[in-house]
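Report on one structure; see the data block that follows.
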Amino acid sequence: MTTPATIRLAGPEDAATVLALIQELAEYEKLAHEVVATVDSIRDTLFAADGCSTALLAECDGAAVGFAVYFRTYSTFLGREGIYLEDVYVQPAARGQGIGKQLLAAAAAAANRLGGRLEWSVLDWNQPSIDFYESLGAVQHSEWLKYRITGEPLAELAKRSAGR
């Protein structure tokens with residue numbers, strides 16, 4: 001297979017490009033209403049000097065066609081760090097060229113250097129992505145339920161730490 005794209009680390013100067021790709025991903029996932037990120041918030045958080053996240057850009061002929069964002073995790077059972085892949089996205093016109101596999105391979109290389117594992121989530125209706133991930137040897141862990149707390153419930157729970 002020829003390399004269809006260049007994968008590189010994104011930096012603060014790429015914040016607008018990363019945000020545009022995030023917005024495209026959100027549209028695809030029917031979650032555009034949840035995107036509140038701005039160029040400034042992406043620049044200030046994703047690319048913070050003391051941050052724990054990494055962004056990769058996939059480029060063809062100098063144009064961004066995809067991205068991946070991941071962050072380091074820790075497995076108490078393994079006693080090692082790993083990688084959680086928050087998002088991976090390739091524009092529809094660039095799919096089928098191995099670019100998604102390149103982005104995943106770059107994240108896998110980072111996880112492999114840490115000696116841990118690479119994990120991510122996928123929407124249950126996204127069968128093309130599920131099929132793609134399984135073709136790479138990924139295994140669904142259906143016994144684990146994903147939970148999330150945000151907004152007012154998060155604020156209420158946080159108050160308990162202060163004894164309020």
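Simple scheme: letters A, B, ... for chains in structure tokens order, numbers from 1 for residues in each chain, numbers from 1 for ligands in the order shown.
Residues in contact with A:Gln23 at up to 12 Å, not including ones fewer than 6 positions away on its chain and judged by only C-alpha atoms, are A:Ala16, A:Thr17, A:Glu29, A:Lys30, A:Leu31, A:Ala32, A:His33, A:Glu34, A:Val35, A:Val36, A:Ala37, A:Thr38, A:Val39, A:Gly66, A:Phe67, A:Asp87, A:Tyr89, A:Gln91.
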Mind the document's chain letters and residue numbers, and return as a JSON list (two decimals) with N, CA and C atoms, in the first residue's frame the residues of chain A that DSSP labels helix (DSSP H, G or I).
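What landed in part-v4.json:
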[["chain", "number", "residue", "atom", "x", "y", "z"],
["A", 12, "PRO", "N", -0.71, 24.34, 18.01],
["A", 12, "PRO", "CA", -1.65, 25.44, 18.26],
["A", 12, "PRO", "C", -2.07, 26.17, 16.98],
["A", 13, "GLU", "N", -1.16, 26.22, 16.02],
["A", 13, "GLU", "CA", -1.49, 26.90, 14.75],
["A", 13, "GLU", "C", -2.54, 26.14, 13.94],
["A", 14, "ASP", "N", -2.83, 24.90, 14.33],
["A", 14, "ASP", "CA", -3.82, 24.07, 13.64],
["A", 14, "ASP", "C", -5.18, 24.07, 14.32],
["A", 15, "ALA", "N", -5.37, 24.91, 15.33],
["A", 15, "ALA", "CA", -6.61, 24.87, 16.11],
["A", 15, "ALA", "C", -7.85, 25.05, 15.25],
["A", 16, "ALA", "N", -7.84, 25.97, 14.30],
["A", 16, "ALA", "CA", -9.01, 26.20, 13.45],
["A", 16, "ALA", "C", -9.29, 24.98, 12.57],
["A", 17, "THR", "N", -8.25, 24.36, 12.06],
["A", 17, "THR", "CA", -8.40, 23.16, 11.23],
["A", 17, "THR", "C", -8.96, 22.01, 12.05],
["A", 18, "VAL", "N", -8.43, 21.81, 13.23],
["A", 18, "VAL", "CA", -8.92, 20.74, 14.11],
["A", 18, "VAL", "C", -10.38, 20.98, 14.45],
["A", 19, "LEU", "N", -10.73, 22.22, 14.79],
["A", 19, "LEU", "CA", -12.12, 22.52, 15.12],
["A", 19, "LEU", "C", -13.04, 22.25, 13.92],
["A", 20, "ALA", "N", -12.63, 22.62, 12.74],
["A", 20, "ALA", "CA", -13.45, 22.37, 11.55],
["A", 20, "ALA", "C", -13.68, 20.86, 11.36],
["A", 21, "LEU", "N", -12.67, 20.06, 11.59],
["A", 21, "LEU", "CA", -12.81, 18.61, 11.47],
["A", 21, "LEU", "C", -13.69, 18.05, 12.59],
["A", 22, "ILE", "N", -13.57, 18.61, 13.79],
["A", 22, "ILE", "CA", -14.45, 18.21, 14.89],
["A", 22, "ILE", "C", -15.91, 18.49, 14.53],
["A", 23, "GLN", "N", -16.16, 19.64, 13.94],
["A", 23, "GLN", "CA", -17.52, 19.99, 13.54],
["A", 23, "GLN", "C", -18.05, 19.05, 12.47],
["A", 24, "GLU", "N", -17.19, 18.66, 11.53],
["A", 24, "GLU", "CA", -17.60, 17.69, 10.51],
["A", 24, "GLU", "C", -17.94, 16.34, 11.15],
["A", 25, "LEU", "N", -17.09, 15.90, 12.08],
["A", 25, "LEU", "CA", -17.35, 14.65, 12.79],
["A", 25, "LEU", "C", -18.68, 14.72, 13.54],
["A", 26, "ALA", "N", -18.92, 15.82, 14.21],
["A", 26, "ALA", "CA", -20.16, 15.99, 14.97],
["A", 26, "ALA", "C", -21.38, 15.94, 14.04],
["A", 27, "GLU", "N", -21.26, 16.52, 12.87],
["A", 27, "GLU", "CA", -22.36, 16.44, 11.89],
["A", 27, "GLU", "C", -22.61, 14.99, 11.51],
["A", 28, "TYR", "N", -21.55, 14.25, 11.22],
["A", 28, "TYR", "CA", -21.66, 12.85, 10.83],
["A", 28, "TYR", "C", -22.32, 12.04, 11.95],
["A", 32, "ALA", "N", -23.96, 17.63, 16.24],
["A", 32, "ALA", "CA", -23.46, 18.98, 16.03],
["A", 32, "ALA", "C", -23.93, 19.95, 17.11],
["A", 33, "HIS", "N", -25.10, 19.70, 17.65],
["A", 33, "HIS", "CA", -25.64, 20.57, 18.70],
["A", 33, "HIS", "C", -24.82, 20.51, 19.99],
["A", 34, "GLU", "N", -23.95, 19.51, 20.13],
["A", 34, "GLU", "CA", -23.14, 19.38, 21.34],
["A", 34, "GLU", "C", -21.79, 20.09, 21.24],
["A", 39, "VAL", "N", -12.15, 27.95, 18.49],
["A", 39, "VAL", "CA", -10.74, 27.93, 18.12],
["A", 39, "VAL", "C", -9.89, 28.23, 19.35],
["A", 40, "ASP", "N", -10.30, 29.22, 20.13],
["A", 40, "ASP", "CA", -9.54, 29.57, 21.33],
["A", 40, "ASP", "C", -9.52, 28.44, 22.35],
["A", 41, "SER", "N", -10.68, 27.79, 22.57],
["A", 41, "SER", "CA", -10.68, 26.72, 23.57],
["A", 41, "SER", "C", -9.86, 25.53, 23.10],
["A", 42, "ILE", "N", -9.88, 25.24, 21.82],
["A", 42, "ILE", "CA", -9.04, 24.16, 21.28],
["A", 42, "ILE", "C", -7.57, 24.53, 21.46],
["A", 43, "ARG", "N", -7.22, 25.74, 21.09],
["A", 43, "ARG", "CA", -5.82, 26.18, 21.21],
["A", 43, "ARG", "C", -5.36, 26.16, 22.67],
["A", 44, "ASP", "N", -6.22, 26.63, 23.58],
["A", 44, "ASP", "CA", -5.84, 26.76, 24.98],
["A", 44, "ASP", "C", -5.84, 25.44, 25.75],
["A", 45, "THR", "N", -6.61, 24.46, 25.31],
["A", 45, "THR", "CA", -6.71, 23.21, 26.07],
["A", 45, "THR", "C", -6.02, 22.04, 25.38],
["A", 46, "LEU", "N", -6.36, 21.79, 24.14],
["A", 46, "LEU", "CA", -5.78, 20.66, 23.42],
["A", 46, "LEU", "C", -4.27, 20.83, 23.25],
["A", 92, "PRO", "N", -15.32, 12.15, 4.24],
["A", 92, "PRO", "CA", -15.91, 11.13, 3.37],
["A", 92, "PRO", "C", -15.17, 10.96, 2.03],
["A", 93, "ALA", "N", -14.75, 12.05, 1.42],
["A", 93, "ALA", "CA", -14.08, 11.97, 0.11],
["A", 93, "ALA", "C", -12.72, 11.29, 0.20],
["A", 94, "ALA", "N", -12.14, 11.24, 1.40],
["A", 94, "ALA", "CA", -10.81, 10.65, 1.57],
["A", 94, "ALA", "C", -10.86, 9.24, 2.15],
["A", 99, "ILE", "N", -6.33, 6.01, 5.22],
["A", 99, "ILE", "CA", -5.98, 7.14, 6.08],
["A", 99, "ILE", "C", -6.42, 6.88, 7.52],
["A", 100, "GLY", "N", -7.60, 6.34, 7.72],
["A", 100, "GLY", "CA", -8.05, 6.00, 9.06],
["A", 100, "GLY", "C", -7.11, 4.99, 9.71],
["A", 101, "LYS", "N", -6.67, 4.03, 8.92],
["A", 101, "LYS", "CA", -5.73, 3.02, 9.43],
["A", 101, "LYS", "C", -4.40, 3.69, 9.80],
["A", 102, "GLN", "N", -3.96, 4.66, 9.02],
["A", 102, "GLN", "CA", -2.73, 5.38, 9.35],
["A", 102, "GLN", "C", -2.87, 6.14, 10.67],
["A", 103, "LEU", "N", -4.01, 6.80, 10.86],
["A", 103, "LEU", "CA", -4.23, 7.53, 12.11],
["A", 103, "LEU", "C", -4.26, 6.58, 13.30],
["A", 104, "LEU", "N", -4.96, 5.46, 13.16],
["A", 104, "LEU", "CA", -5.00, 4.48, 14.23],
["A", 104, "LEU", "C", -3.62, 3.88, 14.48],
["A", 105, "ALA", "N", -2.86, 3.65, 13.43],
["A", 105, "ALA", "CA", -1.51, 3.09, 13.59],
["A", 105, "ALA", "C", -0.61, 4.06, 14.35],
["A", 106, "ALA", "N", -0.76, 5.36, 14.10],
["A", 106, "ALA", "CA", 0.04, 6.35, 14.83],
["A", 106, "ALA", "C", -0.33, 6.36, 16.31],
["A", 107, "ALA", "N", -1.62, 6.27, 16.61],
["A", 107, "ALA", "CA", -2.05, 6.20, 18.01],
["A", 107, "ALA", "C", -1.59, 4.88, 18.64],
["A", 108, "ALA", "N", -1.65, 3.79, 17.87],
["A", 108, "ALA", "CA", -1.20, 2.49, 18.38],
["A", 108, "ALA", "C", 0.30, 2.52, 18.68],
["A", 109, "ALA", "N", 1.07, 3.20, 17.85],
["A", 109, "ALA", "CA", 2.51, 3.31, 18.10],
["A", 109, "ALA", "C", 2.77, 4.03, 19.42],
["A", 110, "ALA", "N", 2.00, 5.09, 19.69],
["A", 110, "ALA", "CA", 2.15, 5.80, 20.96],
["A", 110, "ALA", "C", 1.78, 4.89, 22.12],
["A", 111, "ALA", "N", 0.69, 4.14, 22.00],
["A", 111, "ALA", "CA", 0.27, 3.22, 23.06],
["A", 111, "ALA", "C", 1.30, 2.10, 23.25],
["A", 112, "ASN", "N", 1.84, 1.63, 22.16],
["A", 112, "ASN", "CA", 2.83, 0.56, 22.24],
["A", 112, "ASN", "C", 4.10, 1.03, 22.95],
["A", 113, "ARG", "N", 4.51, 2.26, 22.71],
["A", 113, "ARG", "CA", 5.68, 2.81, 23.40],
["A", 113, "ARG", "C", 5.45, 2.86, 24.91],
["A", 114, "LEU", "N", 4.20, 3.10, 25.31],
["A", 114, "LEU", "CA", 3.87, 3.15, 26.73],
["A", 114, "LEU", "C", 3.73, 1.76, 27.34],
["A", 127, "GLN", "N", -22.01, 1.12, 11.94],
["A", 127, "GLN", "CA", -21.54, -0.19, 11.50],
["A", 127, "GLN", "C", -20.30, -0.13, 10.62],
["A", 128, "PRO", "N", -20.16, 0.85, 9.71],
["A", 128, "PRO", "CA", -18.92, 0.89, 8.93],
["A", 128, "PRO", "C", -17.67, 1.02, 9.81],
["A", 129, "SER", "N", -17.75, 1.84, 10.85],
["A", 129, "SER", "CA", -16.61, 1.97, 11.75],
["A", 129, "SER", "C", -16.39, 0.71, 12.59],
["A", 130, "ILE", "N", -17.48, 0.12, 13.07],
["A", 130, "ILE", "CA", -17.37, -1.12, 13.84],
["A", 130, "ILE", "C", -16.69, -2.19, 12.99],
["A", 131, "ASP", "N", -17.13, -2.34, 11.74],
["A", 131, "ASP", "CA", -16.53, -3.33, 10.85],
["A", 131, "ASP", "C", -15.04, -3.03, 10.62],
["A", 132, "PHE", "N", -14.71, -1.77, 10.44],
["A", 132, "PHE", "CA", -13.32, -1.36, 10.23],
["A", 132, "PHE", "C", -12.48, -1.71, 11.45],
["A", 133, "TYR", "N", -12.95, -1.35, 12.64],
["A", 133, "TYR", "CA", -12.19, -1.62, 13.85],
["A", 133, "TYR", "C", -11.99, -3.11, 14.06],
["A", 134, "GLU", "N", -13.03, -3.89, 13.84],
["A", 134, "GLU", "CA", -12.92, -5.34, 14.02],
["A", 134, "GLU", "C", -11.97, -5.95, 12.99],
["A", 135, "SER", "N", -11.90, -5.35, 11.79],
["A", 135, "SER", "CA", -10.96, -5.87, 10.78],
["A", 135, "SER", "C", -9.51, -5.67, 11.20],
["A", 151, "GLY", "N", -22.42, 18.93, 33.44],
["A", 151, "GLY", "CA", -23.37, 19.97, 33.79],
["A", 151, "GLY", "C", -23.68, 20.04, 35.27],
["A", 152, "GLU", "N", -24.96, 20.25, 35.59],
["A", 152, "GLU", "CA", -25.40, 20.41, 36.97],
["A", 152, "GLU", "C", -25.11, 19.19, 37.85],
["A", 153, "PRO", "N", -25.35, 17.96, 37.36],
["A", 153, "PRO", "CA", -25.01, 16.82, 38.20],
["A", 153, "PRO", "C", -23.51, 16.76, 38.56],
["A", 154, "LEU", "N", -22.66, 17.16, 37.62],
["A", 154, "LEU", "CA", -21.22, 17.20, 37.90],
["A", 154, "LEU", "C", -20.92, 18.26, 38.96],
["A", 155, "ALA", "N", -21.53, 19.42, 38.81],
["A", 155, "ALA", "CA", -21.31, 20.50, 39.77],
["A", 155, "ALA", "C", -21.79, 20.08, 41.17],
["A", 156, "GLU", "N", -22.94, 19.40, 41.24],
["A", 156, "GLU", "CA", -23.46, 18.95, 42.53],
["A", 156, "GLU", "C", -22.55, 17.92, 43.17],
["A", 157, "LEU", "N", -22.05, 17.00, 42.39],
["A", 157, "LEU", "CA", -21.15, 16.00, 42.93],
["A", 157, "LEU", "C", -19.84, 16.64, 43.38],
["A", 158, "ALA", "N", -19.36, 17.60, 42.61],
["A", 158, "ALA", "CA", -18.11, 18.29, 42.97],
["A", 158, "ALA", "C", -18.24, 19.04, 44.31],
["A", 159, "LYS", "N", -19.42, 19.55, 44.59],
["A", 159, "LYS", "CA", -19.63, 20.26, 45.86],
["A", 159, "LYS", "C", -19.38, 19.35, 47.05],
["A", 160, "ARG", "N", -19.64, 18.06, 46.88],
["A", 160, "ARG", "CA", -19.44, 17.11, 47.97],
["A", 160, "ARG", "C", -17.97, 17.00, 48.38],
["A", 161, "SER", "N", -17.06, 17.28, 47.44],
["A", 161, "SER", "CA", -15.64, 17.18, 47.79],
["A", 161, "SER", "C", -15.22, 18.29, 48.71]]
Any idea what's packed within 12 Å of A:Phe77, counting only C-alpha atoms, ignoring anything in its chain fewer than 3 positions away? Could you give it as a list in words?
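Skipping anything fewer than 3 positions along the chain leaves Tyr74, Arg80, Glu81, Gly82, Gly116 and Arg117 of chain A.
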Please identify the strand (DSSP E or B) residues within stretch 7-93 of chain A (assignment by DSSP from backbone atoms) and present them as a PDB file with N, CA and C atoms, in the first residue's frame.
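Wrote out.pdb, looks like this:
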ATOM      1  N   ILE A   7       0.848  11.878   8.109  1.00  0.00           N
ATOM      2  CA  ILE A   7       0.313  12.021   9.467  1.00  0.00           C
ATOM      3  C   ILE A   7       1.336  12.818  10.253  1.00  0.00           C
ATOM      4  N   ARG A   8       0.873  13.885  10.888  1.00  0.00           N
ATOM      5  CA  ARG A   8       1.781  14.716  11.683  1.00  0.00           C
ATOM      6  C   ARG A   8       1.097  15.167  12.956  1.00  0.00           C
ATOM      7  N   LEU A   9       1.928  15.521  13.941  1.00  0.00           N
ATOM      8  CA  LEU A   9       1.392  16.114  15.157  1.00  0.00           C
ATOM      9  C   LEU A   9       0.815  17.483  14.833  1.00  0.00           C
ATOM     10  N   SER A  53      -3.232  15.766  26.186  1.00  0.00           N
ATOM     11  CA  SER A  53      -3.822  15.303  24.936  1.00  0.00           C
ATOM     12  C   SER A  53      -2.889  15.543  23.762  1.00  0.00           C
ATOM     13  N   THR A  54      -3.084  14.725  22.741  1.00  0.00           N
ATOM     14  CA  THR A  54      -2.315  14.831  21.510  1.00  0.00           C
ATOM     15  C   THR A  54      -3.286  14.830  20.346  1.00  0.00           C
ATOM     16  N   ALA A  55      -3.005  15.663  19.359  1.00  0.00           N
ATOM     17  CA  ALA A  55      -3.810  15.689  18.142  1.00  0.00           C
ATOM     18  C   ALA A  55      -2.911  15.362  16.957  1.00  0.00           C
ATOM     19  N   LEU A  56      -3.420  14.539  16.075  1.00  0.00           N
ATOM     20  CA  LEU A  56      -2.742  14.192  14.840  1.00  0.00           C
ATOM     21  C   LEU A  56      -3.567  14.715  13.682  1.00  0.00           C
ATOM     22  N   LEU A  57      -2.907  15.163  12.643  1.00  0.00           N
ATOM     23  CA  LEU A  57      -3.589  15.566  11.413  1.00  0.00           C
ATOM     24  C   LEU A  57      -3.137  14.656  10.285  1.00  0.00           C
ATOM     25  N   ALA A  58      -4.090  14.266   9.450  1.00  0.00           N
ATOM     26  CA  ALA A  58      -3.805  13.546   8.220  1.00  0.00           C
ATOM     27  C   ALA A  58      -3.952  14.549   7.085  1.00  0.00           C
ATOM     28  N   GLU A  59      -2.917  14.658   6.264  1.00  0.00           N
ATOM     29  CA  GLU A  59      -2.935  15.629   5.166  1.00  0.00           C
ATOM     30  C   GLU A  59      -2.634  14.949   3.838  1.00  0.00           C
ATOM     31  N   CYS A  60      -3.368  15.361   2.822  1.00  0.00           N
ATOM     32  CA  CYS A  60      -3.134  14.950   1.444  1.00  0.00           C
ATOM     33  C   CYS A  60      -2.907  16.211   0.634  1.00  0.00           C
ATOM     34  N   ALA A  63      -3.522  19.503   2.376  1.00  0.00           N
ATOM     35  CA  ALA A  63      -4.842  19.808   2.949  1.00  0.00           C
ATOM     36  C   ALA A  63      -5.211  18.760   3.990  1.00  0.00           C
ATOM     37  N   ALA A  64      -5.741  19.217   5.110  1.00  0.00           N
ATOM     38  CA  ALA A  64      -6.168  18.306   6.166  1.00  0.00           C
ATOM     39  C   ALA A  64      -7.396  17.531   5.703  1.00  0.00           C
ATOM     40  N   VAL A  65      -7.344  16.203   5.855  1.00  0.00           N
ATOM     41  CA  VAL A  65      -8.459  15.342   5.468  1.00  0.00           C
ATOM     42  C   VAL A  65      -8.940  14.477   6.623  1.00  0.00           C
ATOM     43  N   GLY A  66      -8.250  14.580   7.765  1.00  0.00           N
ATOM     44  CA  GLY A  66      -8.650  13.789   8.915  1.00  0.00           C
ATOM     45  C   GLY A  66      -7.844  14.155  10.138  1.00  0.00           C
ATOM     46  N   PHE A  67      -8.300  13.641  11.273  1.00  0.00           N
ATOM     47  CA  PHE A  67      -7.598  13.917  12.522  1.00  0.00           C
ATOM     48  C   PHE A  67      -7.873  12.803  13.519  1.00  0.00           C
ATOM     49  N   ALA A  68      -7.042  12.765  14.527  1.00  0.00           N
ATOM     50  CA  ALA A  68      -7.257  11.902  15.683  1.00  0.00           C
ATOM     51  C   ALA A  68      -6.825  12.683  16.914  1.00  0.00           C
ATOM     52  N   VAL A  69      -7.547  12.497  17.991  1.00  0.00           N
ATOM     53  CA  VAL A  69      -7.181  13.094  19.281  1.00  0.00           C
ATOM     54  C   VAL A  69      -7.150  11.972  20.295  1.00  0.00           C
ATOM     55  N   TYR A  70      -6.069  11.900  21.057  1.00  0.00           N
ATOM     56  CA  TYR A  70      -5.966  10.887  22.090  1.00  0.00           C
ATOM     57  C   TYR A  70      -5.303  11.466  23.326  1.00  0.00           C
ATOM     58  N   PHE A  71      -5.462  10.736  24.425  1.00  0.00           N
ATOM     59  CA  PHE A  71      -4.815  11.146  25.665  1.00  0.00           C
ATOM     60  C   PHE A  71      -4.357   9.904  26.422  1.00  0.00           C
ATOM     61  N   ARG A  72      -3.422  10.123  27.304  1.00  0.00           N
ATOM     62  CA  ARG A  72      -2.859   9.021  28.072  1.00  0.00           C
ATOM     63  C   ARG A  72      -3.808   8.604  29.181  1.00  0.00           C
ATOM     64  N   THR A  73      -3.846   7.303  29.418  1.00  0.00           N
ATOM     65  CA  THR A  73      -4.640   6.717  30.489  1.00  0.00           C
ATOM     66  C   THR A  73      -3.719   5.858  31.347  1.00  0.00           C
ATOM     67  N   TYR A  74      -4.285   5.308  32.393  1.00  0.00           N
ATOM     68  CA  TYR A  74      -3.508   4.405  33.232  1.00  0.00           C
ATOM     69  C   TYR A  74      -4.338   3.176  33.550  1.00  0.00           C
ATOM     70  N   SER A  75      -3.751   2.014  33.360  1.00  0.00           N
ATOM     71  CA  SER A  75      -4.406   0.755  33.721  1.00  0.00           C
ATOM     72  C   SER A  75      -3.826   0.262  35.028  1.00  0.00           C
ATOM     73  N   ARG A  80       0.456   0.049  33.838  1.00  0.00           N
ATOM     74  CA  ARG A  80       1.078   0.784  32.733  1.00  0.00           C
ATOM     75  C   ARG A  80       0.122   1.824  32.174  1.00  0.00           C
ATOM     76  N   GLU A  81       0.722   2.764  31.497  1.00  0.00           N
ATOM     77  CA  GLU A  81      -0.073   3.762  30.790  1.00  0.00           C
ATOM     78  C   GLU A  81      -0.531   3.212  29.444  1.00  0.00           C
ATOM     79  N   GLY A  82      -1.577   3.804  28.947  1.00  0.00           N
ATOM     80  CA  GLY A  82      -2.105   3.467  27.633  1.00  0.00           C
ATOM     81  C   GLY A  82      -2.619   4.721  26.966  1.00  0.00           C
ATOM     82  N   ILE A  83      -3.398   4.515  25.937  1.00  0.00           N
ATOM     83  CA  ILE A  83      -3.945   5.625  25.148  1.00  0.00           C
ATOM     84  C   ILE A  83      -5.453   5.427  25.009  1.00  0.00           C
ATOM     85  N   TYR A  84      -6.206   6.500  25.216  1.00  0.00           N
ATOM     86  CA  TYR A  84      -7.627   6.504  24.897  1.00  0.00           C
ATOM     87  C   TYR A  84      -7.800   7.395  23.680  1.00  0.00           C
ATOM     88  N   LEU A  85      -8.320   6.820  22.625  1.00  0.00           N
ATOM     89  CA  LEU A  85      -8.561   7.538  21.378  1.00  0.00           C
ATOM     90  C   LEU A  85      -9.918   8.217  21.489  1.00  0.00           C
ATOM     91  N   GLU A  86      -9.903   9.514  21.704  1.00  0.00           N
ATOM     92  CA  GLU A  86     -11.150  10.265  21.893  1.00  0.00           C
ATOM     93  C   GLU A  86     -11.929  10.362  20.587  1.00  0.00           C
ATOM     94  N   ASP A  87     -11.240  10.712  19.523  1.00  0.00           N
ATOM     95  CA  ASP A  87     -11.891  10.843  18.212  1.00  0.00           C
ATOM     96  C   ASP A  87     -10.914  10.489  17.110  1.00  0.00           C
ATOM     97  N   VAL A  88     -11.448   9.882  16.075  1.00  0.00           N
ATOM     98  CA  VAL A  88     -10.724   9.702  14.819  1.00  0.00           C
ATOM     99  C   VAL A  88     -11.742   9.949  13.718  1.00  0.00           C
ATOM    100  N   TYR A  89     -11.325  10.730  12.719  1.00  0.00           N
ATOM    101  CA  TYR A  89     -12.263  11.116  11.664  1.00  0.00           C
ATOM    102  C   TYR A  89     -11.494  11.320  10.370  1.00  0.00           C
ATOM    103  N   VAL A  90     -12.063  10.814   9.289  1.00  0.00           N
ATOM    104  CA  VAL A  90     -11.543  11.045   7.945  1.00  0.00           C
ATOM    105  C   VAL A  90     -12.703  11.550   7.103  1.00  0.00           C
TER     106      VAL A  90
END
Using only C-alpha atoms, which of the listed residues (A:Gln97, A:Thr76, A:Ser142, A:Thr150) sits closest to A:Ser121?
A:Ser142
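Restricting the calculation to only C-alpha atoms, the smallest distance between A:Pro4 and any of A:Ala138, A:Gly62, A:Cys52, A:Arg148 is found for A:Gly62.
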